[in-house]
>>> print(open('my_file-v8.pdb').read())   # PDB, N, CA and C atoms, pLDDT in the B column
ATOM      1  N   MET A   1      20.519  -8.503  18.949  1.00 61.00           N
ATOM      2  CA  MET A   1      20.171  -7.477  19.918  1.00 61.00           C
ATOM      3  C   MET A   1      20.257  -8.038  21.327  1.00 61.00           C
ATOM      4  N   THR A   2      20.823  -7.247  22.205  1.00 70.00           N
ATOM      5  CA  THR A   2      20.893  -7.662  23.598  1.00 70.00           C
ATOM      6  C   THR A   2      19.584  -7.318  24.302  1.00 70.00           C
ATOM      7  N   PRO A   3      19.315  -7.952  25.426  1.00 66.00           N
ATOM      8  CA  PRO A   3      18.092  -7.611  26.169  1.00 66.00           C
ATOM      9  C   PRO A   3      18.020  -6.133  26.543  1.00 66.00           C
ATOM     10  N   GLU A   4      19.161  -5.513  26.850  1.00 63.00           N
ATOM     11  CA  GLU A   4      19.194  -4.094  27.204  1.00 63.00           C
ATOM     12  C   GLU A   4      18.803  -3.232  26.007  1.00 63.00           C
ATOM     13  N   THR A   5      19.312  -3.574  24.827  1.00 62.00           N
ATOM     14  CA  THR A   5      18.968  -2.838  23.617  1.00 62.00           C
ATOM     15  C   THR A   5      17.481  -2.968  23.321  1.00 62.00           C
ATOM     16  N   THR A   6      16.956  -4.164  23.451  1.00 70.00           N
ATOM     17  CA  THR A   6      15.534  -4.399  23.220  1.00 70.00           C
ATOM     18  C   THR A   6      14.696  -3.582  24.191  1.00 70.00           C
ATOM     19  N   ARG A   7      15.094  -3.541  25.430  1.00 71.00           N
ATOM     20  CA  ARG A   7      14.364  -2.774  26.444  1.00 71.00           C
ATOM     21  C   ARG A   7      14.378  -1.289  26.109  1.00 71.00           C
ATOM     22  N   ASN A   8      15.522  -0.755  25.675  1.00 72.00           N
ATOM     23  CA  ASN A   8      15.647   0.670  25.370  1.00 72.00           C
ATOM     24  C   ASN A   8      14.860   1.071  24.130  1.00 72.00           C
ATOM     25  N   GLU A   9      14.588   0.132  23.251  1.00 88.00           N
ATOM     26  CA  GLU A   9      13.850   0.439  22.025  1.00 88.00           C
ATOM     27  C   GLU A   9      12.351   0.182  22.174  1.00 88.00           C
ATOM     28  N   ARG A  10      11.926  -0.264  23.334  1.00 92.00           N
ATOM     29  CA  ARG A  10      10.514  -0.533  23.576  1.00 92.00           C
ATOM     30  C   ARG A  10       9.699   0.743  23.423  1.00 92.00           C
ATOM     31  N   LEU A  11       8.521   0.627  22.834  1.00 96.00           N
ATOM     32  CA  LEU A  11       7.629   1.771  22.676  1.00 96.00           C
ATOM     33  C   LEU A  11       6.634   1.801  23.836  1.00 96.00           C
ATOM     34  N   LEU A  12       6.550   2.940  24.483  1.00 97.00           N
ATOM     35  CA  LEU A  12       5.707   3.114  25.661  1.00 97.00           C
ATOM     36  C   LEU A  12       4.462   3.920  25.325  1.00 97.00           C
ATOM     37  N   THR A  13       3.383   3.632  26.018  1.00 97.00           N
ATOM     38  CA  THR A  13       2.162   4.417  25.866  1.00 97.00           C
ATOM     39  C   THR A  13       2.284   5.691  26.704  1.00 97.00           C
ATOM     40  N   VAL A  14       1.381   6.608  26.471  1.00 98.00           N
ATOM     41  CA  VAL A  14       1.399   7.861  27.220  1.00 98.00           C
ATOM     42  C   VAL A  14       1.152   7.597  28.706  1.00 98.00           C
ATOM     43  N   ARG A  15       0.339   6.616  29.022  1.00 98.00           N
ATOM     44  CA  ARG A  15       0.088   6.288  30.437  1.00 98.00           C
ATOM     45  C   ARG A  15       1.336   5.710  31.106  1.00 98.00           C
ATOM     46  N   GLU A  16       2.085   4.887  30.379  1.00 97.00           N
ATOM     47  CA  GLU A  16       3.328   4.343  30.930  1.00 97.00           C
ATOM     48  C   GLU A  16       4.340   5.459  31.180  1.00 97.00           C
ATOM     49  N   VAL A  17       4.426   6.393  30.257  1.00 98.00           N
ATOM     50  CA  VAL A  17       5.349   7.526  30.423  1.00 98.00           C
ATOM     51  C   VAL A  17       4.909   8.395  31.596  1.00 98.00           C
ATOM     52  N   ALA A  18       3.616   8.567  31.763  1.00 98.00           N
ATOM     53  CA  ALA A  18       3.101   9.328  32.902  1.00 98.00           C
ATOM     54  C   ALA A  18       3.520   8.673  34.214  1.00 98.00           C
ATOM     55  N   GLU A  19       3.445   7.353  34.281  1.00 98.00           N
ATOM     56  CA  GLU A  19       3.866   6.639  35.490  1.00 98.00           C
ATOM     57  C   GLU A  19       5.362   6.786  35.738  1.00 98.00           C
ATOM     58  N   ILE A  20       6.150   6.692  34.682  1.00 95.00           N
ATOM     59  CA  ILE A  20       7.606   6.780  34.813  1.00 95.00           C
ATOM     60  C   ILE A  20       8.035   8.174  35.239  1.00 95.00           C
ATOM     61  N   THR A  21       7.456   9.198  34.624  1.00 95.00           N
ATOM     62  CA  THR A  21       7.897  10.572  34.857  1.00 95.00           C
ATOM     63  C   THR A  21       7.172  11.278  35.994  1.00 95.00           C
ATOM     64  N   GLY A  22       5.982  10.787  36.340  1.00 97.00           N
ATOM     65  CA  GLY A  22       5.193  11.479  37.345  1.00 97.00           C
ATOM     66  C   GLY A  22       4.424  12.661  36.780  1.00 97.00           C
ATOM     67  N   LEU A  23       4.455  12.827  35.463  1.00 97.00           N
ATOM     68  CA  LEU A  23       3.707  13.900  34.807  1.00 97.00           C
ATOM     69  C   LEU A  23       2.298  13.422  34.489  1.00 97.00           C
ATOM     70  N   ALA A  24       1.367  14.350  34.428  1.00 98.00           N
ATOM     71  CA  ALA A  24      -0.003  14.013  34.062  1.00 98.00           C
ATOM     72  C   ALA A  24      -0.073  13.702  32.570  1.00 98.00           C
ATOM     73  N   VAL A  25      -1.007  12.849  32.200  1.00 98.00           N
ATOM     74  CA  VAL A  25      -1.204  12.493  30.793  1.00 98.00           C
ATOM     75  C   VAL A  25      -1.466  13.746  29.962  1.00 98.00           C
ATOM     76  N   VAL A  26      -2.290  14.641  30.476  1.00 98.00           N
ATOM     77  CA  VAL A  26      -2.606  15.871  29.733  1.00 98.00           C
ATOM     78  C   VAL A  26      -1.347  16.724  29.532  1.00 98.00           C
ATOM     79  N   THR A  27      -0.453  16.735  30.497  1.00 98.00           N
ATOM     80  CA  THR A  27       0.811  17.476  30.358  1.00 98.00           C
ATOM     81  C   THR A  27       1.667  16.866  29.262  1.00 98.00           C
ATOM     82  N   LEU A  28       1.719  15.555  29.201  1.00 98.00           N
ATOM     83  CA  LEU A  28       2.499  14.892  28.155  1.00 98.00           C
ATOM     84  C   LEU A  28       1.938  15.216  26.773  1.00 98.00           C
ATOM     85  N   TYR A  29       0.613  15.192  26.626  1.00 97.00           N
ATOM     86  CA  TYR A  29       0.009  15.563  25.344  1.00 97.00           C
ATOM     87  C   TYR A  29       0.340  17.015  24.987  1.00 97.00           C
ATOM     88  N   HIS A  30       0.371  17.884  25.983  1.00 98.00           N
ATOM     89  CA  HIS A  30       0.742  19.281  25.759  1.00 98.00           C
ATOM     90  C   HIS A  30       2.196  19.373  25.283  1.00 98.00           C
ATOM     91  N   PHE A  31       3.098  18.632  25.934  1.00 97.00           N
ATOM     92  CA  PHE A  31       4.504  18.612  25.523  1.00 97.00           C
ATOM     93  C   PHE A  31       4.646  18.105  24.091  1.00 97.00           C
ATOM     94  N   VAL A  32       3.861  17.095  23.729  1.00 97.00           N
ATOM     95  CA  VAL A  32       3.904  16.557  22.370  1.00 97.00           C
ATOM     96  C   VAL A  32       3.464  17.633  21.378  1.00 97.00           C
ATOM     97  N   SER A  33       2.382  18.335  21.687  1.00 96.00           N
ATOM     98  CA  SER A  33       1.876  19.351  20.770  1.00 96.00           C
ATOM     99  C   SER A  33       2.862  20.502  20.590  1.00 96.00           C
ATOM    100  N   GLU A  34       3.672  20.759  21.623  1.00 97.00           N
ATOM    101  CA  GLU A  34       4.692  21.803  21.547  1.00 97.00           C
ATOM    102  C   GLU A  34       6.049  21.261  21.088  1.00 97.00           C
ATOM    103  N   GLN A  35       6.112  19.977  20.770  1.00 96.00           N
ATOM    104  CA  GLN A  35       7.340  19.299  20.341  1.00 96.00           C
ATOM    105  C   GLN A  35       8.453  19.434  21.386  1.00 96.00           C
ATOM    106  N   ARG A  36       8.068  19.327  22.648  1.00 96.00           N
ATOM    107  CA  ARG A  36       9.031  19.417  23.753  1.00 96.00           C
ATOM    108  C   ARG A  36       9.531  18.062  24.195  1.00 96.00           C
ATOM    109  N   ILE A  37       8.927  16.986  23.689  1.00 97.00           N
ATOM    110  CA  ILE A  37       9.305  15.629  24.070  1.00 97.00           C
ATOM    111  C   ILE A  37       9.321  14.779  22.802  1.00 97.00           C
ATOM    112  N   PRO A  38      10.330  13.914  22.646  1.00 96.00           N
ATOM    113  CA  PRO A  38      10.388  13.080  21.436  1.00 96.00           C
ATOM    114  C   PRO A  38       9.266  12.048  21.418  1.00 96.00           C
ATOM    115  N   VAL A  39       8.678  11.860  20.252  1.00 97.00           N
ATOM    116  CA  VAL A  39       7.525  10.981  20.124  1.00 97.00           C
ATOM    117  C   VAL A  39       7.608  10.205  18.818  1.00 97.00           C
ATOM    118  N   VAL A  40       7.046   9.011  18.815  1.00 97.00           N
ATOM    119  CA  VAL A  40       6.919   8.190  17.610  1.00 97.00           C
ATOM    120  C   VAL A  40       5.449   8.224  17.211  1.00 97.00           C
ATOM    121  N   ARG A  41       5.160   8.706  16.020  1.00 96.00           N
ATOM    122  CA  ARG A  41       3.777   8.768  15.541  1.00 96.00           C
ATOM    123  C   ARG A  41       3.479   7.522  14.715  1.00 96.00           C
ATOM    124  N   LEU A  42       2.600   6.673  15.231  1.00 96.00           N
ATOM    125  CA  LEU A  42       2.200   5.464  14.529  1.00 96.00           C
ATOM    126  C   LEU A  42       1.096   5.768  13.523  1.00 96.00           C
ATOM    127  N   SER A  43       0.304   6.772  13.818  1.00 95.00           N
ATOM    128  CA  SER A  43      -0.724   7.272  12.912  1.00 95.00           C
ATOM    129  C   SER A  43      -1.027   8.701  13.348  1.00 95.00           C
ATOM    130  N   LYS A  44      -2.004   9.309  12.724  1.00 91.00           N
ATOM    131  CA  LYS A  44      -2.312  10.700  13.056  1.00 91.00           C
ATOM    132  C   LYS A  44      -2.681  10.876  14.529  1.00 91.00           C
ATOM    133  N   ARG A  45      -3.374   9.883  15.094  1.00 91.00           N
ATOM    134  CA  ARG A  45      -3.848  10.017  16.470  1.00 91.00           C
ATOM    135  C   ARG A  45      -3.211   9.046  17.453  1.00 91.00           C
ATOM    136  N   ARG A  46      -2.300   8.213  16.997  1.00 96.00           N
ATOM    137  CA  ARG A  46      -1.689   7.212  17.878  1.00 96.00           C
ATOM    138  C   ARG A  46      -0.202   7.518  18.030  1.00 96.00           C
ATOM    139  N   ILE A  47       0.217   7.743  19.275  1.00 97.00           N
ATOM    140  CA  ILE A  47       1.618   8.054  19.549  1.00 97.00           C
ATOM    141  C   ILE A  47       2.187   7.067  20.553  1.00 97.00           C
ATOM    142  N   ARG A  48       3.489   6.925  20.489  1.00 98.00           N
ATOM    143  CA  ARG A  48       4.237   6.129  21.460  1.00 98.00           C
ATOM    144  C   ARG A  48       5.540   6.860  21.744  1.00 98.00           C
ATOM    145  N   PHE A  49       6.188   6.455  22.802  1.00 98.00           N
ATOM    146  CA  PHE A  49       7.448   7.053  23.212  1.00 98.00           C
ATOM    147  C   PHE A  49       8.490   5.955  23.293  1.00 98.00           C
ATOM    148  N   ARG A  50       9.618   6.129  22.606  1.00 97.00           N
ATOM    149  CA  ARG A  50      10.716   5.154  22.678  1.00 97.00           C
ATOM    150  C   ARG A  50      11.402   5.345  24.027  1.00 97.00           C
ATOM    151  N   TYR A  51      11.604   4.255  24.737  1.00 96.00           N
ATOM    152  CA  TYR A  51      12.188   4.302  26.076  1.00 96.00           C
ATOM    153  C   TYR A  51      13.547   5.012  26.067  1.00 96.00           C
ATOM    154  N   SER A  52      14.395   4.699  25.114  1.00 95.00           N
ATOM    155  CA  SER A  52      15.721   5.328  25.052  1.00 95.00           C
ATOM    156  C   SER A  52      15.613   6.830  24.809  1.00 95.00           C
ATOM    157  N   ASP A  53      14.648   7.261  23.977  1.00 96.00           N
ATOM    158  CA  ASP A  53      14.436   8.695  23.747  1.00 96.00           C
ATOM    159  C   ASP A  53      13.974   9.377  25.027  1.00 96.00           C
ATOM    160  N   LEU A  54      13.117   8.688  25.776  1.00 96.00           N
ATOM    161  CA  LEU A  54      12.626   9.242  27.034  1.00 96.00           C
ATOM    162  C   LEU A  54      13.778   9.433  28.028  1.00 96.00           C
ATOM    163  N   LEU A  55      14.659   8.445  28.131  1.00 94.00           N
ATOM    164  CA  LEU A  55      15.811   8.562  29.028  1.00 94.00           C
ATOM    165  C   LEU A  55      16.710   9.723  28.616  1.00 94.00           C
ATOM    166  N   ASN A  56      16.953   9.863  27.311  1.00 95.00           N
ATOM    167  CA  ASN A  56      17.776  10.973  26.816  1.00 95.00           C
ATOM    168  C   ASN A  56      17.115  12.319  27.088  1.00 95.00           C
ATOM    169  N   TRP A  57      15.795  12.389  26.905  1.00 95.00           N
ATOM    170  CA  TRP A  57      15.058  13.630  27.155  1.00 95.00           C
ATOM    171  C   TRP A  57      15.169  14.020  28.631  1.00 95.00           C
ATOM    172  N   ILE A  58      15.003  13.048  29.513  1.00 93.00           N
ATOM    173  CA  ILE A  58      15.135  13.326  30.953  1.00 93.00           C
ATOM    174  C   ILE A  58      16.539  13.814  31.272  1.00 93.00           C
ATOM    175  N   GLN A  59      17.525  13.211  30.632  1.00 93.00           N
ATOM    176  CA  GLN A  59      18.925  13.607  30.861  1.00 93.00           C
ATOM    177  C   GLN A  59      19.156  15.074  30.471  1.00 93.00           C
ATOM    178  N   THR A  60      18.516  15.521  29.382  1.00 92.00           N
ATOM    179  CA  THR A  60      18.692  16.916  28.951  1.00 92.00           C
ATOM    180  C   THR A  60      18.062  17.894  29.937  1.00 92.00           C
ATOM    181  N   LEU A  61      17.118  17.429  30.737  1.00 89.00           N
ATOM    182  CA  LEU A  61      16.458  18.296  31.712  1.00 89.00           C
ATOM    183  C   LEU A  61      17.162  18.321  33.053  1.00 89.00           C
ATOM    184  N   THR A  62      18.096  17.394  33.246  1.00 85.00           N
ATOM    185  CA  THR A  62      18.803  17.271  34.516  1.00 85.00           C
ATOM    186  C   THR A  62      19.794  18.396  34.686  1.00 85.00           C
ATOM    187  N   GLN A  63      19.743  19.049  35.838  1.00 82.00           N
ATOM    188  CA  GLN A  63      20.674  20.147  36.143  1.00 82.00           C
ATOM    189  C   GLN A  63      21.654  19.694  37.215  1.00 82.00           C
ATOM    190  N   ASP A  64      22.886  20.139  37.070  1.00 79.00           N
ATOM    191  CA  ASP A  64      23.889  19.832  38.067  1.00 79.00           C
ATOM    192  C   ASP A  64      23.663  20.698  39.309  1.00 79.00           C
ATOM    193  N   ALA A  65      23.959  20.123  40.478  1.00 75.00           N
ATOM    194  CA  ALA A  65      23.879  20.899  41.718  1.00 75.00           C
ATOM    195  C   ALA A  65      25.030  21.900  41.747  1.00 75.00           C
ATOM    196  N   ARG A  66      24.763  23.034  42.310  1.00 74.00           N
ATOM    197  CA  ARG A  66      25.829  24.065  42.373  1.00 74.00           C
ATOM    198  C   ARG A  66      26.630  23.938  43.618  1.00 74.00           C
TER     199      ARG A  66
END
>>> encode(input="my_file-v8.pdb", output="structure tokens")
Amino acid sequence: MTPETTRNERLLTVREVAEITGLAVVTLYHFVSEQRIPVVRLSKRRIRFRYSDLLNWIQTLTQDAR
């Protein structure tokens, strides 16, 4: 595995994702409950976000300028 691959597969906490995206933690939990954001469930109450999934999710939300 290359360092870039390792970085992209890193699992992030909800607080780390909040810092990266600028979204509130409560908003992220809401998105998870609505299945609007990809999540890794480690247990019933413990979630993480794969960095590469987060980048792909952000890409799907990006709109081209007209």
>>> closest_residue(input="my_file-v8.pdb", among="A:Leu61, A:Arg66, A:Leu55, A:Arg48", to="Ile20 (chain A)", atoms="only C-alpha atoms")
A:Leu55
>>> resolve_selection(input="my_file-v8.pdb", expression="the PyMOL selection byres (((chain A and resi 25-31 and name CA) around 12) and name CA)", output="PyMOL selection string")
chain A and resi 13-24+32-39+45-49+54+57
>>> atom_distance(input="my_file-v8.pdb", atom1="atom C of Tyr51 (chain A)", atom2="CA of Thr6 (chain A)")
10.0 Å
>>> atom_distance(input="my_file-v8.pdb", atom1="atom C of Arg50 (chain A)", atom2="CA of Arg7 (chain A)")
9.0 Å
>>> select_by_dssp(input="my_file-v8.pdb", residues="chain A", states="strand (DSSP E or B)", output="count of residues only")
8
>>> atom_distance(input="my_file-v8.pdb", atom1="CA of Leu11 (chain A)", atom2="CA of Arg41 (chain A)")
10.7 Å
